[in-house]
Amino acid sequence: MRRLPYSLAAALLLSLLVAQPSTAAPPPAAPAEPAAQTDVAEEPTGGGVPEAQPFDQEIFDAFTESEADALDTGPPDFGPNERIVHAHNEGEITTEEMVRYGLASMSDPESVPEDLRPTGEIDEPERYAAYLSAQAALVEDSPLRQTLTAPEVGAAAPDDCASSFNYNFKDYECQAFAGDFVVLYDLKDDPSSDKGVPPASGGSGERPYAVQQMLDAADEAQAAARELGFDVSPNEGPFAIVLGLNDIQDDWFSGAFALPFGLNEQPMMVMPSDPGFDDTNNYDYLPRHEFFHVVQYNYWDTGDISWAWVRDWIGGDSFKSMNWWMETTAEWATLQSYRLMPYDPVNPVAADMYASSVAEFLGDPGRALNAVEDLGSSRQYSTFPLAFYLCERTDRSFIRKTWEHIEAHGSSPITAIRATLAAYGIDESSTLLGFAVANYRLAAQQVTGNPNPMAGFGYNDDERDLWRQNLEADNRTDDHVLGMARPARTSRAVPMGTQETYTSTLEPGGAAYWDFSAVQNSGDPTNSYRSKLTIDPGTREDLNYVAMVWSPVGSPGSLAEYPTAARAVYPDLNGVITVTDFAYPMTVSLIAIRTDLKTDSVAADGDQRDYTWRVEALVPLDNGSCNLSDLNVNVTDEDAPPEQTFLDYAESTPNGWTGGDSTYSVRLPDGDLLWLFSDTFLGPLNDNGTRPLDAPLVNSTFVRQDGNTLTTIHGGTTANPTAIMPPAQADHWFWLGDGMISRQNGTDYLQVVYQEYYRFGDGAWDWGFNRNVVATFSLSNLKSPLRVEELPSQSGAWGSALLPASQSGDGYTYIYGLEDAPTNKKQQIARVHGSDIGATEKWQYWTPKGWTAYESDAGIGLNGIANEYSVSAWNGQFVMVTQDSTLAFNNEVFAYTSCSPAGPFTNQSLVYKMPETGMFGVPYYDKDIFAYNPHIHMTLSSGNTFTLSYNVNTFDNRVSTEGAHYRDPSIYKPRFITFTLS
């Protein structure tokens, strides 16, 4: 049935939406799309939808519906306001009375006993009318049980309007006979009226052109159905097409429908008094569509299914389950009538009307595949692509075979589809996925090899272009992102570093579409800005999915453009889809479908489940390849240079460095060595070697070494020295991290990472981390930075160590940090392409799965590192040296090695035990003494010999002659050792 929306009141007319399916030969195959690109292979590959095998009748016959899937017809119920059928259910009235009173309620309500009249709107009045029609088949004197046969053909053409005919409480002026059909109609008195068809232009006695169109269309539909193997012969009299009903029924009537029982005791078609009043194409389209409802009813009537079954089915809750497949296949069969029996309608647009509702399906693809709304609504019509798809995957008899299974077994449409697929040797899950992909592509199947990983991922029928055209006007199915109209989807830009979870809500047979688009210049700049995209739904047995790789229409580059796919990517054994070359302008479209179909449309529609997708776009980790083995460490000098140089300088300088910690080093382009210190005491020392109580203490300095000559660099003046990085505000200060030479636009600069801290109380430990910055210095003026730039700070301190791009071997500068804690400090790693640490928009953060652009997602690496450590390139691998922090104030220094600057760092080897720590420490034997933050200095190392520094300090912070810092300045100085690795 096809109708326009209209309000429904108590009881309606005789209307029913029923579709008898048919099948048609597939059209000539369209040229295949170009072969997919195979530049990158994804494992494991899938095989698309399996090829159909010869039809196995035994499998088909043996396939029956399980009790769980069987449709429960139940007693007919049309809501609380309906009384007549209810009284019949209770045995209070006979079937004859139910039919008589029910039909009378739609023609002469006052003639119905008052206690049986509806008290308000009846639920589903169209189904109510169809139910009465089916019951009328069992009532001898029903007003629907009339006969009408064609008059004998004389020499002259008969006059349609020579006499009237009364049917169902209405006099019809004319009857037009042709072949196996008769049209009951009235002539239009007023051209502006919707009552009656327009009279013939030749005047009285001539058949109206509209009526002849309908007769021709019905005849074409009948011939097509007969060619498809259906028994479509009428009974003793012709099939009726009734235009218009009695006046009361016309008030509720605005569409076409078919009744299971009517004139000449067979199914009949009922249409508005002027079916083409709003659109003359309906004269050609509606008879074709409605005839397949007649075919369906006739099919049942001549089969093994009894009228009682039809009656119970119409009256029960399962009506919608069958109505979905009826309307779906009726739209498909309408087109077949044009194809199989070529007929040129007055307006060829009529042949396209079957596809007008496609946006209702593809605009809401997550809804149940067999969802049905009120009778005559668009949803059940809109799923016609399924009929096309199933025939393309098998042959033109697929649809007819589903109805044969329904006839033989009383099965639901879903069960009949399953039985037919099984008989062709095709599994349901892959068919559903192929159908979902074909709907998204709306293009010919691509041929990419044998087996073809994209088998079944398209439509060869050129009608697909019409479907796409009909999607263009719906904002749910526009051309956003890929450039052509297609099913409703969710689109997301996915820059490198994305780690998001998305949710799709699906009903049985519902599909989800996600377009994940790469962002320009987001990814690994050393690899064409690629990242690795992974899509992980977790473990879901009721879901089948695949990713299609392509680029939008008109994209730059050589990647295949939608709807031609570069490749299909299937999930691996863990269910994860991985695309390793994700880069602009690529879009990866995730296509997923829920595969646990439900036979009951009412139960399926609204049975929602949420499916989550973890989507990550990361730069893959390169763990490298090298020969790692246990390290052999040999300490060769425990008072290594330049330790004595610093001691001598401290004793002699009038205003320079006399003690400090951190102790990083950077080789300047002119060959000098720049030492970087945090808290620094300035000179002079007293003649007896003690430190004056008024000795300046600043938070950061540099010491430049030229040979054995040291020069201190600080902020402020000699008389009033300040830190090179003065605090931003009171109770704030900067401690420095590592530094390096940064070459920018052909000029070398010094860059040093600083961490800002602040005090929030009076206690010794009442201070905390605030932020990271990088200071960039001109090499001609190291007293103050040219600029200070904010660095990422969400995850904690960065700059514990730096590995410049000139040493990393991959073009990246590695910035090492930590997740701080009293013990068990944990490593974090970032990197930036090039040598500008301040280019924070390019920073990437290590995670166990890959590199991300988001600091919040930074992963945790090695446990037990120090606040300051070093990572250095050595012998084709990377060595990290750090104090162990698994115990507080541990004096052990370990080396680790890795094939990659990002780890994993393994082969822990003891390098040194710092002897000064604790009450047994040499030479101080002081419980307040501790050693910390060892670094390797590659500026002083070569081959397998390394220079390492560490700092010594004391918890005795008294500013007095007894205070350790003032009593013995030798404590707060770096120590240097050399050792060899092999």
# chains A, B, ... in the order shown; residues from 1 in each chain; ligands from 1
>>> residues_around(residues="Gly811 of chain A", least_positions_apart="5", cutoff="8 Å", atoms="only C-alpha atoms", output="mmCIF file with C-alpha atoms, in the first residue's frame")
data_model
loop_
_atom_site.group_PDB
_atom_site.id
_atom_site.type_symbol
_atom_site.label_atom_id
_atom_site.label_comp_id
_atom_site.auth_asym_id
_atom_site.auth_seq_id
_atom_site.Cartn_x
_atom_site.Cartn_y
_atom_site.Cartn_z
ATOM 1 C CA THR A 526 59.794 11.796 9.120
ATOM 2 C CA ALA A 805 68.162 15.282 17.174
ATOM 3 C CA SER A 806 71.810 15.281 16.150
ATOM 4 C CA HIS A 833 60.917 16.822 15.315
ATOM 5 C CA GLY A 834 63.953 18.993 14.771
#
>>> residues_around(residues="Arg393 of chain A", least_positions_apart="2", cutoff="7 Å", atoms="only C-alpha atoms", output="PyMOL selection string")
chain A and resi 52+389-391+395+456
>>> residues_around(residues="segment 231-246 of chain A", least_positions_apart="6", cutoff="6 Å", atoms="only C-alpha atoms", output="count of residues only")
15
>>> closest_residue(among="A:Asp61, A:Asp679, A:Glu868, A:Glu90", to="Asp738 of chain A", atoms="only C-alpha atoms")
A:Glu868
>>> residues_around(residues="Ser970 of chain A", least_positions_apart="5", cutoff="9 Å", atoms="only C-alpha atoms", output="mmCIF file with N, CA and C atoms, in the first residue's frame")
data_model
loop_
_atom_site.group_PDB
_atom_site.id
_atom_site.type_symbol
_atom_site.label_atom_id
_atom_site.label_comp_id
_atom_site.auth_asym_id
_atom_site.auth_seq_id
_atom_site.Cartn_x
_atom_site.Cartn_y
_atom_site.Cartn_z
ATOM 1 N N LEU A 647 87.076 22.542 42.111
ATOM 2 C CA LEU A 647 87.545 22.778 43.486
ATOM 3 C C LEU A 647 88.513 23.963 43.525
ATOM 4 N N THR A 658 80.958 28.678 43.702
ATOM 5 C CA THR A 658 81.650 27.942 44.764
ATOM 6 C C THR A 658 80.904 26.669 45.149
ATOM 7 N N GLY A 659 79.802 26.387 44.491
ATOM 8 C CA GLY A 659 79.058 25.162 44.761
ATOM 9 C C GLY A 659 77.710 25.212 44.054
ATOM 10 N N GLY A 689 88.690 28.529 54.194
ATOM 11 C CA GLY A 689 87.953 27.575 53.376
ATOM 12 C C GLY A 689 86.479 27.480 53.707
ATOM 13 N N HIS A 965 76.621 23.742 55.030
ATOM 14 C CA HIS A 965 76.972 24.446 53.804
ATOM 15 C C HIS A 965 78.028 25.516 54.050
#
>>> decode(residues="segment 525-537 of chain A", atoms="all heavy atoms", output="short mmCIF file (atom, residue, chain, number, x, y, z; two decimals), in the first residue's frame")
data_model
loop_
_atom_site.label_atom_id
_atom_site.label_comp_id
_atom_site.auth_asym_id
_atom_site.auth_seq_id
_atom_site.Cartn_x
_atom_site.Cartn_y
_atom_site.Cartn_z
N PRO A 525 56.45 13.45 11.04
CA PRO A 525 56.98 14.24 9.93
C PRO A 525 58.12 13.54 9.20
O PRO A 525 58.43 13.91 8.06
CB PRO A 525 57.47 15.53 10.62
CG PRO A 525 57.65 15.16 12.04
CD PRO A 525 56.66 14.10 12.35
N THR A 526 58.74 12.53 9.81
CA THR A 526 59.79 11.80 9.12
C THR A 526 59.23 10.70 8.23
O THR A 526 59.99 10.03 7.53
CB THR A 526 60.76 11.17 10.14
OG1 THR A 526 60.09 10.14 10.88
CG2 THR A 526 61.28 12.22 11.10
N ASN A 527 57.91 10.51 8.27
CA ASN A 527 57.28 9.45 7.48
C ASN A 527 56.01 9.97 6.83
O ASN A 527 54.93 9.41 6.98
CB ASN A 527 56.98 8.24 8.38
CG ASN A 527 56.51 7.04 7.59
OD1 ASN A 527 56.79 6.91 6.39
ND2 ASN A 527 55.78 6.15 8.25
N SER A 528 56.13 11.10 6.13
CA SER A 528 55.01 11.71 5.39
C SER A 528 53.81 11.99 6.29
O SER A 528 52.66 11.91 5.86
CB SER A 528 54.59 10.79 4.23
OG SER A 528 55.68 10.55 3.37
N TYR A 529 54.08 12.32 7.53
CA TYR A 529 53.05 12.66 8.51
C TYR A 529 52.05 11.52 8.72
O TYR A 529 50.87 11.74 8.97
CB TYR A 529 52.32 13.95 8.14
CG TYR A 529 53.19 15.17 8.34
CD1 TYR A 529 53.85 15.76 7.26
CD2 TYR A 529 53.38 15.71 9.61
CE1 TYR A 529 54.67 16.87 7.44
CE2 TYR A 529 54.19 16.82 9.79
CZ TYR A 529 54.83 17.40 8.71
OH TYR A 529 55.64 18.48 8.90
N ARG A 530 52.53 10.32 8.64
CA ARG A 530 51.67 9.18 8.88
C ARG A 530 51.56 8.87 10.37
O ARG A 530 52.46 9.16 11.15
CB ARG A 530 52.21 7.94 8.15
CG ARG A 530 52.13 8.02 6.64
CD ARG A 530 52.74 6.80 6.00
NE ARG A 530 52.55 6.80 4.55
CZ ARG A 530 53.04 5.88 3.75
NH1 ARG A 530 53.75 4.88 4.24
NH2 ARG A 530 52.81 5.94 2.45
N SER A 531 50.45 8.26 10.72
CA SER A 531 50.29 7.69 12.05
C SER A 531 49.61 6.34 11.88
O SER A 531 49.19 5.97 10.78
CB SER A 531 49.47 8.60 12.97
OG SER A 531 48.19 8.85 12.44
N LYS A 532 49.53 5.62 12.95
CA LYS A 532 48.87 4.31 12.92
C LYS A 532 47.50 4.45 13.57
O LYS A 532 47.39 4.81 14.74
CB LYS A 532 49.70 3.26 13.67
CG LYS A 532 49.05 1.88 13.66
CD LYS A 532 49.94 0.82 14.32
CE LYS A 532 49.98 0.97 15.83
NZ LYS A 532 50.72 -0.14 16.47
N LEU A 533 46.47 4.19 12.78
CA LEU A 533 45.10 4.28 13.27
C LEU A 533 44.64 2.89 13.71
O LEU A 533 44.76 1.92 12.95
CB LEU A 533 44.17 4.80 12.18
CG LEU A 533 42.68 4.89 12.54
CD1 LEU A 533 42.44 6.03 13.51
CD2 LEU A 533 41.83 5.07 11.28
N THR A 534 44.12 2.78 14.92
CA THR A 534 43.54 1.52 15.39
C THR A 534 42.11 1.78 15.85
O THR A 534 41.81 2.81 16.44
CB THR A 534 44.34 0.90 16.54
OG1 THR A 534 44.42 1.83 17.63
CG2 THR A 534 45.75 0.55 16.09
N ILE A 535 41.24 0.83 15.55
CA ILE A 535 39.83 0.90 15.93
C ILE A 535 39.51 -0.41 16.64
O ILE A 535 39.60 -1.48 16.04
CB ILE A 535 38.92 1.10 14.71
CG1 ILE A 535 39.36 2.33 13.89
CG2 ILE A 535 37.47 1.24 15.13
CD1 ILE A 535 38.64 2.48 12.57
N ASP A 536 39.13 -0.31 17.90
CA ASP A 536 38.93 -1.50 18.73
C ASP A 536 37.55 -1.46 19.37
O ASP A 536 37.28 -0.60 20.20
CB ASP A 536 40.01 -1.56 19.81
CG ASP A 536 39.94 -2.83 20.65
OD1 ASP A 536 39.03 -3.65 20.40
OD2 ASP A 536 40.78 -2.99 21.54
N PRO A 537 36.66 -2.39 18.99
CA PRO A 537 35.32 -2.41 19.59
C PRO A 537 35.22 -3.30 20.81
O PRO A 537 34.14 -3.45 21.37
CB PRO A 537 34.46 -2.98 18.45
CG PRO A 537 35.39 -3.96 17.81
CD PRO A 537 36.78 -3.37 17.91
#
